[in-house]
Amino acid sequence: MARDVFGLDLERIEEILPRYAIEGPRYTSYPTAPVWTDDFGVEDYKRELAGDAAAAAPVPGEGDGLSLYVHVPFCSSLCHFCACNRVITSKAELPLKYLDTIEREVAAVREASGPRTASQQHWGGGTPTHLTPDQVKRLFYTVTDAFPMREDAEISIEVDPRVTTDEHVAALRECGFNRISLGVQDIEPKVQEAIHRIQPIEQTRHLVEVSRASGFEGVNFDLIYGLPYQTEESFSRTLDRVLEIEPDRLALYSYAHVTWIAKQQRGFEKKDLPGASTKLRIMLMAIERFLEAGYRFIGLDHFAKPEDELSRALEDRTLRRNFMGHTTQAGVDLIGFGPSSISELRASYAQSQRNLDDWHDAVGARGLATMRGHHLTRDDVERRWVIGRLMCHGVLRAEEYEEAFGQSFATRFASELQKLDPFVADDLIERAPDGSIVVLPLGRLLVRVVAMTFDAYLAEQQKGEKPMFSKTV
Ligand code: SF4
């Protein structure tokens, strides 16, 4: 019997996908980070925090919530696939110095923004649980003393099971964290050895059990396909073990071989990486397994149980996307703390110094460490709205655009809409005469490619010699 995924014959999918395996943004922001410039500095960020720009360029149809992001950059050892901004260290003094500096940064942001209550907080890294349980509490209360959390707030953290203890879990629950995301990647010993990340499944299972028993409401696993030595069979074994644990959400990321950013990836022999067609088969097999196991496809690389908030947000079209990925409660503003963190305010983006020492110096000198950013133009705001609808809702209703921006969607984006014909032919999207777009399941997998049609900066970015973005598949 012919296998199918998303109701489409597997062979047809395997014929379509390679044609769309191109470099493209993940659209956690629009415009994307390469567009931002260092003309945007500390004073601009302060003004944006104070809300001046909100009056000038409101985003239609949005609420006034606040999300917080905290970047903890430390890790104990380097995973060879990793392209994150992190500092590998075993020195105890580095986290202590970090905590002192972030206290100054939080205080400076609070002074600029005035009092606000947050509905969401997320910690990423690095490895946030590289901090000791007491340091976790100190950092959490530093942030929430300045920006109190709403009663029903979603408070989530990324953890590395290799360094996260039962005491960490207890400290996190005491603070109020209610979602935990575990880096799992792959369970096969040969793959783990190649990526320099030995993490027995028992360690992962134990952490999930302790987290659930202590009251965490949601558990997410991150998996990666395309790693050295992975085959369809080996990744199927990984999935057997993962699905036994029944995480509430799954993220299935494509390994991005970006040796010009992550130099340690040069240690991977190209011959040991699965070829393009094997990689594609691994991904499709994984999707089949997730759907069979009852997960819903949220879009791009996210899956969730039907009762999970992400699934519900997809259904009632409240799903949002920001630097933390797909999210349910993000409001207009996201404020980031820590080195390399990004803030998304109503009409601007701001990023802090990426290098840890530069971040310490900048915060020490001025309280804030803004190194670059971008003021959104009216055109940016409109395109961000369009890209956000496609990426998160899978539906773009022309009448909603017209209501928000007071002009015809079909007229405003006439040239972009003409470029969508191949996507219609390949069953990625459906289109209505008024310009409305429905992204079909296969299109949700390739939604970055559809969204790229509306990116006004991309053509210029694609002229450069070095690729700026990872591959879409
Ligand atoms: S623990 Fe996470 S952030 Fe740290 S090196 Fe490994 S993958 Fe990168």
# chains A, B, ... in the order shown; residues from 1 in each chain; ligands from 1
call {"tool": "residues_around", "arguments": {"residues": "Ala83 of chain A", "least_positions_apart": "6", "cutoff": "10 Å", "atoms": "only C-alpha atoms", "output": "number ranges by chain"}}
result
A: 255-259, 261-265
call {"tool": "residues_near_ligand", "arguments": {"ligand": "ligand 1", "cutoff": "8 Å", "atoms": "only C-alpha atoms and all ligand atoms", "output": "VMD selection string"}}
result
chain A and resid 73 to 88 125 to 127 160 183 197
call {"tool": "write_last_selection", "arguments": {"atoms": "N, CA and C atoms", "output": "PDB file, in the first residue's frame"}}
result
ATOM      1  N   PRO A  73      23.813  32.197  29.077  1.00  0.00           N
ATOM      2  CA  PRO A  73      24.668  31.712  27.987  1.00  0.00           C
ATOM      3  C   PRO A  73      25.571  30.519  28.294  1.00  0.00           C
ATOM      4  N   PHE A  74      25.570  30.021  29.533  1.00  0.00           N
ATOM      5  CA  PHE A  74      26.614  29.053  29.913  1.00  0.00           C
ATOM      6  C   PHE A  74      26.238  27.599  29.615  1.00  0.00           C
ATOM      7  N   CYS A  75      27.248  26.830  29.234  1.00  0.00           N
ATOM      8  CA  CYS A  75      27.117  25.377  29.077  1.00  0.00           C
ATOM      9  C   CYS A  75      28.391  24.742  29.621  1.00  0.00           C
ATOM     10  N   SER A  76      28.264  23.494  30.074  1.00  0.00           N
ATOM     11  CA  SER A  76      29.431  22.797  30.631  1.00  0.00           C
ATOM     12  C   SER A  76      30.295  22.192  29.539  1.00  0.00           C
ATOM     13  N   SER A  77      29.675  21.744  28.448  1.00  0.00           N
ATOM     14  CA  SER A  77      30.484  21.191  27.355  1.00  0.00           C
ATOM     15  C   SER A  77      29.804  21.507  26.033  1.00  0.00           C
ATOM     16  N   LEU A  78      30.600  21.429  24.990  1.00  0.00           N
ATOM     17  CA  LEU A  78      30.122  21.891  23.683  1.00  0.00           C
ATOM     18  C   LEU A  78      29.529  20.741  22.866  1.00  0.00           C
ATOM     19  N   CYS A  79      28.273  20.867  22.467  1.00  0.00           N
ATOM     20  CA  CYS A  79      27.672  19.900  21.551  1.00  0.00           C
ATOM     21  C   CYS A  79      28.106  20.317  20.139  1.00  0.00           C
ATOM     22  N   HIS A  80      28.578  19.360  19.369  1.00  0.00           N
ATOM     23  CA  HIS A  80      29.238  19.741  18.118  1.00  0.00           C
ATOM     24  C   HIS A  80      28.285  20.188  17.011  1.00  0.00           C
ATOM     25  N   PHE A  81      26.996  20.052  17.210  1.00  0.00           N
ATOM     26  CA  PHE A  81      26.041  20.512  16.191  1.00  0.00           C
ATOM     27  C   PHE A  81      25.599  21.946  16.465  1.00  0.00           C
ATOM     28  N   CYS A  82      25.950  22.485  17.650  1.00  0.00           N
ATOM     29  CA  CYS A  82      25.281  23.675  18.171  1.00  0.00           C
ATOM     30  C   CYS A  82      25.723  24.977  17.481  1.00  0.00           C
ATOM     31  N   ALA A  83      24.740  25.797  17.124  1.00  0.00           N
ATOM     32  CA  ALA A  83      25.049  27.109  16.555  1.00  0.00           C
ATOM     33  C   ALA A  83      24.481  28.219  17.444  1.00  0.00           C
ATOM     34  N   CYS A  84      24.187  27.889  18.722  1.00  0.00           N
ATOM     35  CA  CYS A  84      23.618  28.897  19.644  1.00  0.00           C
ATOM     36  C   CYS A  84      24.714  29.843  20.149  1.00  0.00           C
ATOM     37  N   ASN A  85      24.271  30.926  20.759  1.00  0.00           N
ATOM     38  CA  ASN A  85      25.217  31.826  21.403  1.00  0.00           C
ATOM     39  C   ASN A  85      25.445  31.330  22.835  1.00  0.00           C
ATOM     40  N   ARG A  86      26.591  30.720  23.079  1.00  0.00           N
ATOM     41  CA  ARG A  86      26.847  30.127  24.410  1.00  0.00           C
ATOM     42  C   ARG A  86      28.332  30.239  24.745  1.00  0.00           C
ATOM     43  N   VAL A  87      28.574  30.107  26.076  1.00  0.00           N
ATOM     44  CA  VAL A  87      29.937  30.177  26.589  1.00  0.00           C
ATOM     45  C   VAL A  87      30.184  28.861  27.323  1.00  0.00           C
ATOM     46  N   ILE A  88      31.184  28.109  26.907  1.00  0.00           N
ATOM     47  CA  ILE A  88      31.476  26.836  27.563  1.00  0.00           C
ATOM     48  C   ILE A  88      32.417  27.122  28.736  1.00  0.00           C
ATOM     49  N   GLY A 125      19.056  29.442  26.235  1.00  0.00           N
ATOM     50  CA  GLY A 125      20.510  29.561  26.370  1.00  0.00           C
ATOM     51  C   GLY A 125      21.230  29.070  25.135  1.00  0.00           C
ATOM     52  N   GLY A 126      22.458  28.602  25.373  1.00  0.00           N
ATOM     53  CA  GLY A 126      23.044  28.135  26.603  1.00  0.00           C
ATOM     54  C   GLY A 126      22.171  27.105  27.339  1.00  0.00           C
ATOM     55  N   THR A 127      22.509  26.973  28.588  1.00  0.00           N
ATOM     56  CA  THR A 127      21.799  26.042  29.463  1.00  0.00           C
ATOM     57  C   THR A 127      21.382  26.792  30.733  1.00  0.00           C
ATOM     58  N   ASP A 160      18.958  21.141  29.917  1.00  0.00           N
ATOM     59  CA  ASP A 160      19.794  20.047  29.441  1.00  0.00           C
ATOM     60  C   ASP A 160      19.707  18.951  30.508  1.00  0.00           C
ATOM     61  N   GLY A 183      16.292  19.315  25.768  1.00  0.00           N
ATOM     62  CA  GLY A 183      17.088  19.001  24.585  1.00  0.00           C
ATOM     63  C   GLY A 183      17.338  17.503  24.576  1.00  0.00           C
ATOM     64  N   ARG A 197      27.570  14.557  22.849  1.00  0.00           N
ATOM     65  CA  ARG A 197      26.476  14.792  23.804  1.00  0.00           C
ATOM     66  C   ARG A 197      25.943  13.429  24.246  1.00  0.00           C
TER      67      ARG A 197
END
call {"tool": "atom_distance", "arguments": {"atom1": "atom CA of Glu23 of chain A", "atom2": "atom CA of Ala304 of chain A"}}
result
26.1 Å
call {"tool": "residues_around", "arguments": {"residues": "Val381 of chain A", "least_positions_apart": "4", "cutoff": "8 Å", "atoms": "only C-alpha atoms", "output": "ChimeraX atom specification"}}
result
/A:59,347,376-377,385
call {"tool": "closest_residue", "arguments": {"among": "A:Ala118, A:Val242, A:Ala107, A:Val35", "to": "Asp333 of chain A", "atoms": "only C-alpha atoms"}}
result
A:Ala118
call {"tool": "decode", "arguments": {"residues": "segment 413-456 of chain A", "atoms": "N, CA and C atoms", "output": "tab-separated table (two decimals), in the first residue's frame"}}
result
chain	number	residue	atom	x	y	z
A	413	PHE	N	-0.89	43.78	-2.72
A	413	PHE	CA	0.13	42.76	-2.94
A	413	PHE	C	-0.07	42.04	-4.29
A	414	ALA	N	-0.51	42.80	-5.29
A	414	ALA	CA	-0.82	42.18	-6.60
A	414	ALA	C	0.39	41.43	-7.16
A	415	SER	N	1.58	42.03	-7.10
A	415	SER	CA	2.73	41.36	-7.74
A	415	SER	C	3.14	40.12	-6.95
A	416	GLU	N	3.06	40.18	-5.62
A	416	GLU	CA	3.42	39.01	-4.80
A	416	GLU	C	2.43	37.87	-5.08
A	417	LEU	N	1.15	38.23	-5.18
A	417	LEU	CA	0.13	37.18	-5.36
A	417	LEU	C	0.33	36.44	-6.68
A	418	GLN	N	0.83	37.15	-7.67
A	418	GLN	CA	1.10	36.49	-8.96
A	418	GLN	C	2.16	35.39	-8.84
A	419	LYS	N	3.07	35.58	-7.87
A	419	LYS	CA	4.18	34.62	-7.74
A	419	LYS	C	3.76	33.34	-7.01
A	420	LEU	N	2.52	33.29	-6.56
A	420	LEU	CA	2.09	32.14	-5.76
A	420	LEU	C	1.60	30.96	-6.60
A	421	ASP	N	1.48	31.15	-7.93
A	421	ASP	CA	0.91	30.08	-8.77
A	421	ASP	C	1.60	28.72	-8.60
A	422	PRO	N	2.96	28.66	-8.58
A	422	PRO	CA	3.59	27.33	-8.44
A	422	PRO	C	3.21	26.64	-7.13
A	423	PHE	N	2.98	27.44	-6.07
A	423	PHE	CA	2.60	26.84	-4.78
A	423	PHE	C	1.20	26.22	-4.86
A	424	VAL	N	0.35	26.85	-5.66
A	424	VAL	CA	-1.00	26.30	-5.85
A	424	VAL	C	-0.89	24.97	-6.60
A	425	ALA	N	-0.07	24.96	-7.65
A	425	ALA	CA	0.09	23.74	-8.47
A	425	ALA	C	0.67	22.59	-7.64
A	426	ASP	N	1.49	22.91	-6.65
A	426	ASP	CA	2.13	21.86	-5.84
A	426	ASP	C	1.37	21.54	-4.54
A	427	ASP	N	0.14	22.00	-4.47
A	427	ASP	CA	-0.70	21.69	-3.29
A	427	ASP	C	-0.13	22.25	-1.99
A	428	LEU	N	0.58	23.36	-2.08
A	428	LEU	CA	1.08	23.99	-0.85
A	428	LEU	C	0.04	24.97	-0.31
A	429	ILE	N	-0.67	25.62	-1.22
A	429	ILE	CA	-1.68	26.61	-0.79
A	429	ILE	C	-2.91	26.54	-1.68
A	430	GLU	N	-3.99	27.17	-1.16
A	430	GLU	CA	-5.17	27.43	-2.00
A	430	GLU	C	-5.40	28.94	-1.95
A	431	ARG	N	-5.97	29.45	-3.04
A	431	ARG	CA	-6.18	30.90	-3.08
A	431	ARG	C	-7.61	31.24	-3.44
A	432	ALA	N	-8.13	32.32	-2.86
A	432	ALA	CA	-9.48	32.77	-3.21
A	432	ALA	C	-9.35	34.00	-4.12
A	433	PRO	N	-10.41	34.33	-4.88
A	433	PRO	CA	-10.34	35.47	-5.80
A	433	PRO	C	-9.98	36.78	-5.11
A	434	ASP	N	-10.37	36.96	-3.82
A	434	ASP	CA	-10.05	38.23	-3.15
A	434	ASP	C	-8.60	38.26	-2.65
A	435	GLY	N	-7.84	37.20	-2.92
A	435	GLY	CA	-6.42	37.16	-2.50
A	435	GLY	C	-6.21	36.34	-1.24
A	436	SER	N	-7.29	35.97	-0.53
A	436	SER	CA	-7.14	35.16	0.69
A	436	SER	C	-6.35	33.89	0.38
A	437	ILE	N	-5.53	33.46	1.37
A	437	ILE	CA	-4.65	32.31	1.18
A	437	ILE	C	-4.90	31.29	2.29
A	438	VAL	N	-5.03	30.04	1.91
A	438	VAL	CA	-5.08	28.96	2.89
A	438	VAL	C	-3.83	28.12	2.67
A	439	VAL	N	-3.05	27.93	3.71
A	439	VAL	CA	-1.83	27.12	3.60
A	439	VAL	C	-2.21	25.67	3.91
A	440	LEU	N	-2.00	24.78	2.95
A	440	LEU	CA	-2.36	23.37	3.10
A	440	LEU	C	-1.28	22.66	3.94
A	441	PRO	N	-1.55	21.44	4.43
A	441	PRO	CA	-0.59	20.81	5.35
A	441	PRO	C	0.84	20.73	4.80
A	442	LEU	N	1.01	20.35	3.55
A	442	LEU	CA	2.38	20.30	3.02
A	442	LEU	C	2.98	21.71	2.96
A	443	GLY	N	2.13	22.67	2.68
A	443	GLY	CA	2.57	24.06	2.66
A	443	GLY	C	2.99	24.54	4.05
A	444	ARG	N	2.36	23.99	5.10
A	444	ARG	CA	2.75	24.41	6.46
A	444	ARG	C	4.16	23.95	6.77
A	445	LEU	N	4.54	22.82	6.18
A	445	LEU	CA	5.92	22.35	6.34
A	445	LEU	C	6.89	23.29	5.62
A	446	LEU	N	6.44	23.84	4.51
A	446	LEU	CA	7.30	24.71	3.68
A	446	LEU	C	6.88	26.16	3.80
A	447	VAL	N	6.25	26.50	4.91
A	447	VAL	CA	5.60	27.81	4.98
A	447	VAL	C	6.61	28.96	4.87
A	448	ARG	N	7.88	28.69	5.24
A	448	ARG	CA	8.90	29.73	5.07
A	448	ARG	C	8.99	30.16	3.61
A	449	VAL	N	8.89	29.19	2.70
A	449	VAL	CA	9.01	29.51	1.27
A	449	VAL	C	7.84	30.37	0.82
A	450	VAL	N	6.65	30.05	1.31
A	450	VAL	CA	5.47	30.86	0.94
A	450	VAL	C	5.63	32.27	1.50
A	451	ALA	N	6.06	32.35	2.77
A	451	ALA	CA	6.23	33.67	3.42
A	451	ALA	C	7.29	34.51	2.71
A	452	MET	N	8.31	33.87	2.19
A	452	MET	CA	9.40	34.60	1.53
A	452	MET	C	8.91	35.47	0.37
A	453	THR	N	7.78	35.08	-0.21
A	453	THR	CA	7.20	35.84	-1.32
A	453	THR	C	6.88	37.27	-0.88
A	454	PHE	N	6.60	37.46	0.40
A	454	PHE	CA	6.17	38.77	0.90
A	454	PHE	C	7.31	39.54	1.59
A	455	ASP	N	8.53	39.01	1.51
A	455	ASP	CA	9.68	39.63	2.17
A	455	ASP	C	10.32	40.64	1.21
A	456	ALA	N	10.24	41.91	1.55
A	456	ALA	CA	10.73	42.94	0.64
A	456	ALA	C	12.26	43.05	0.64
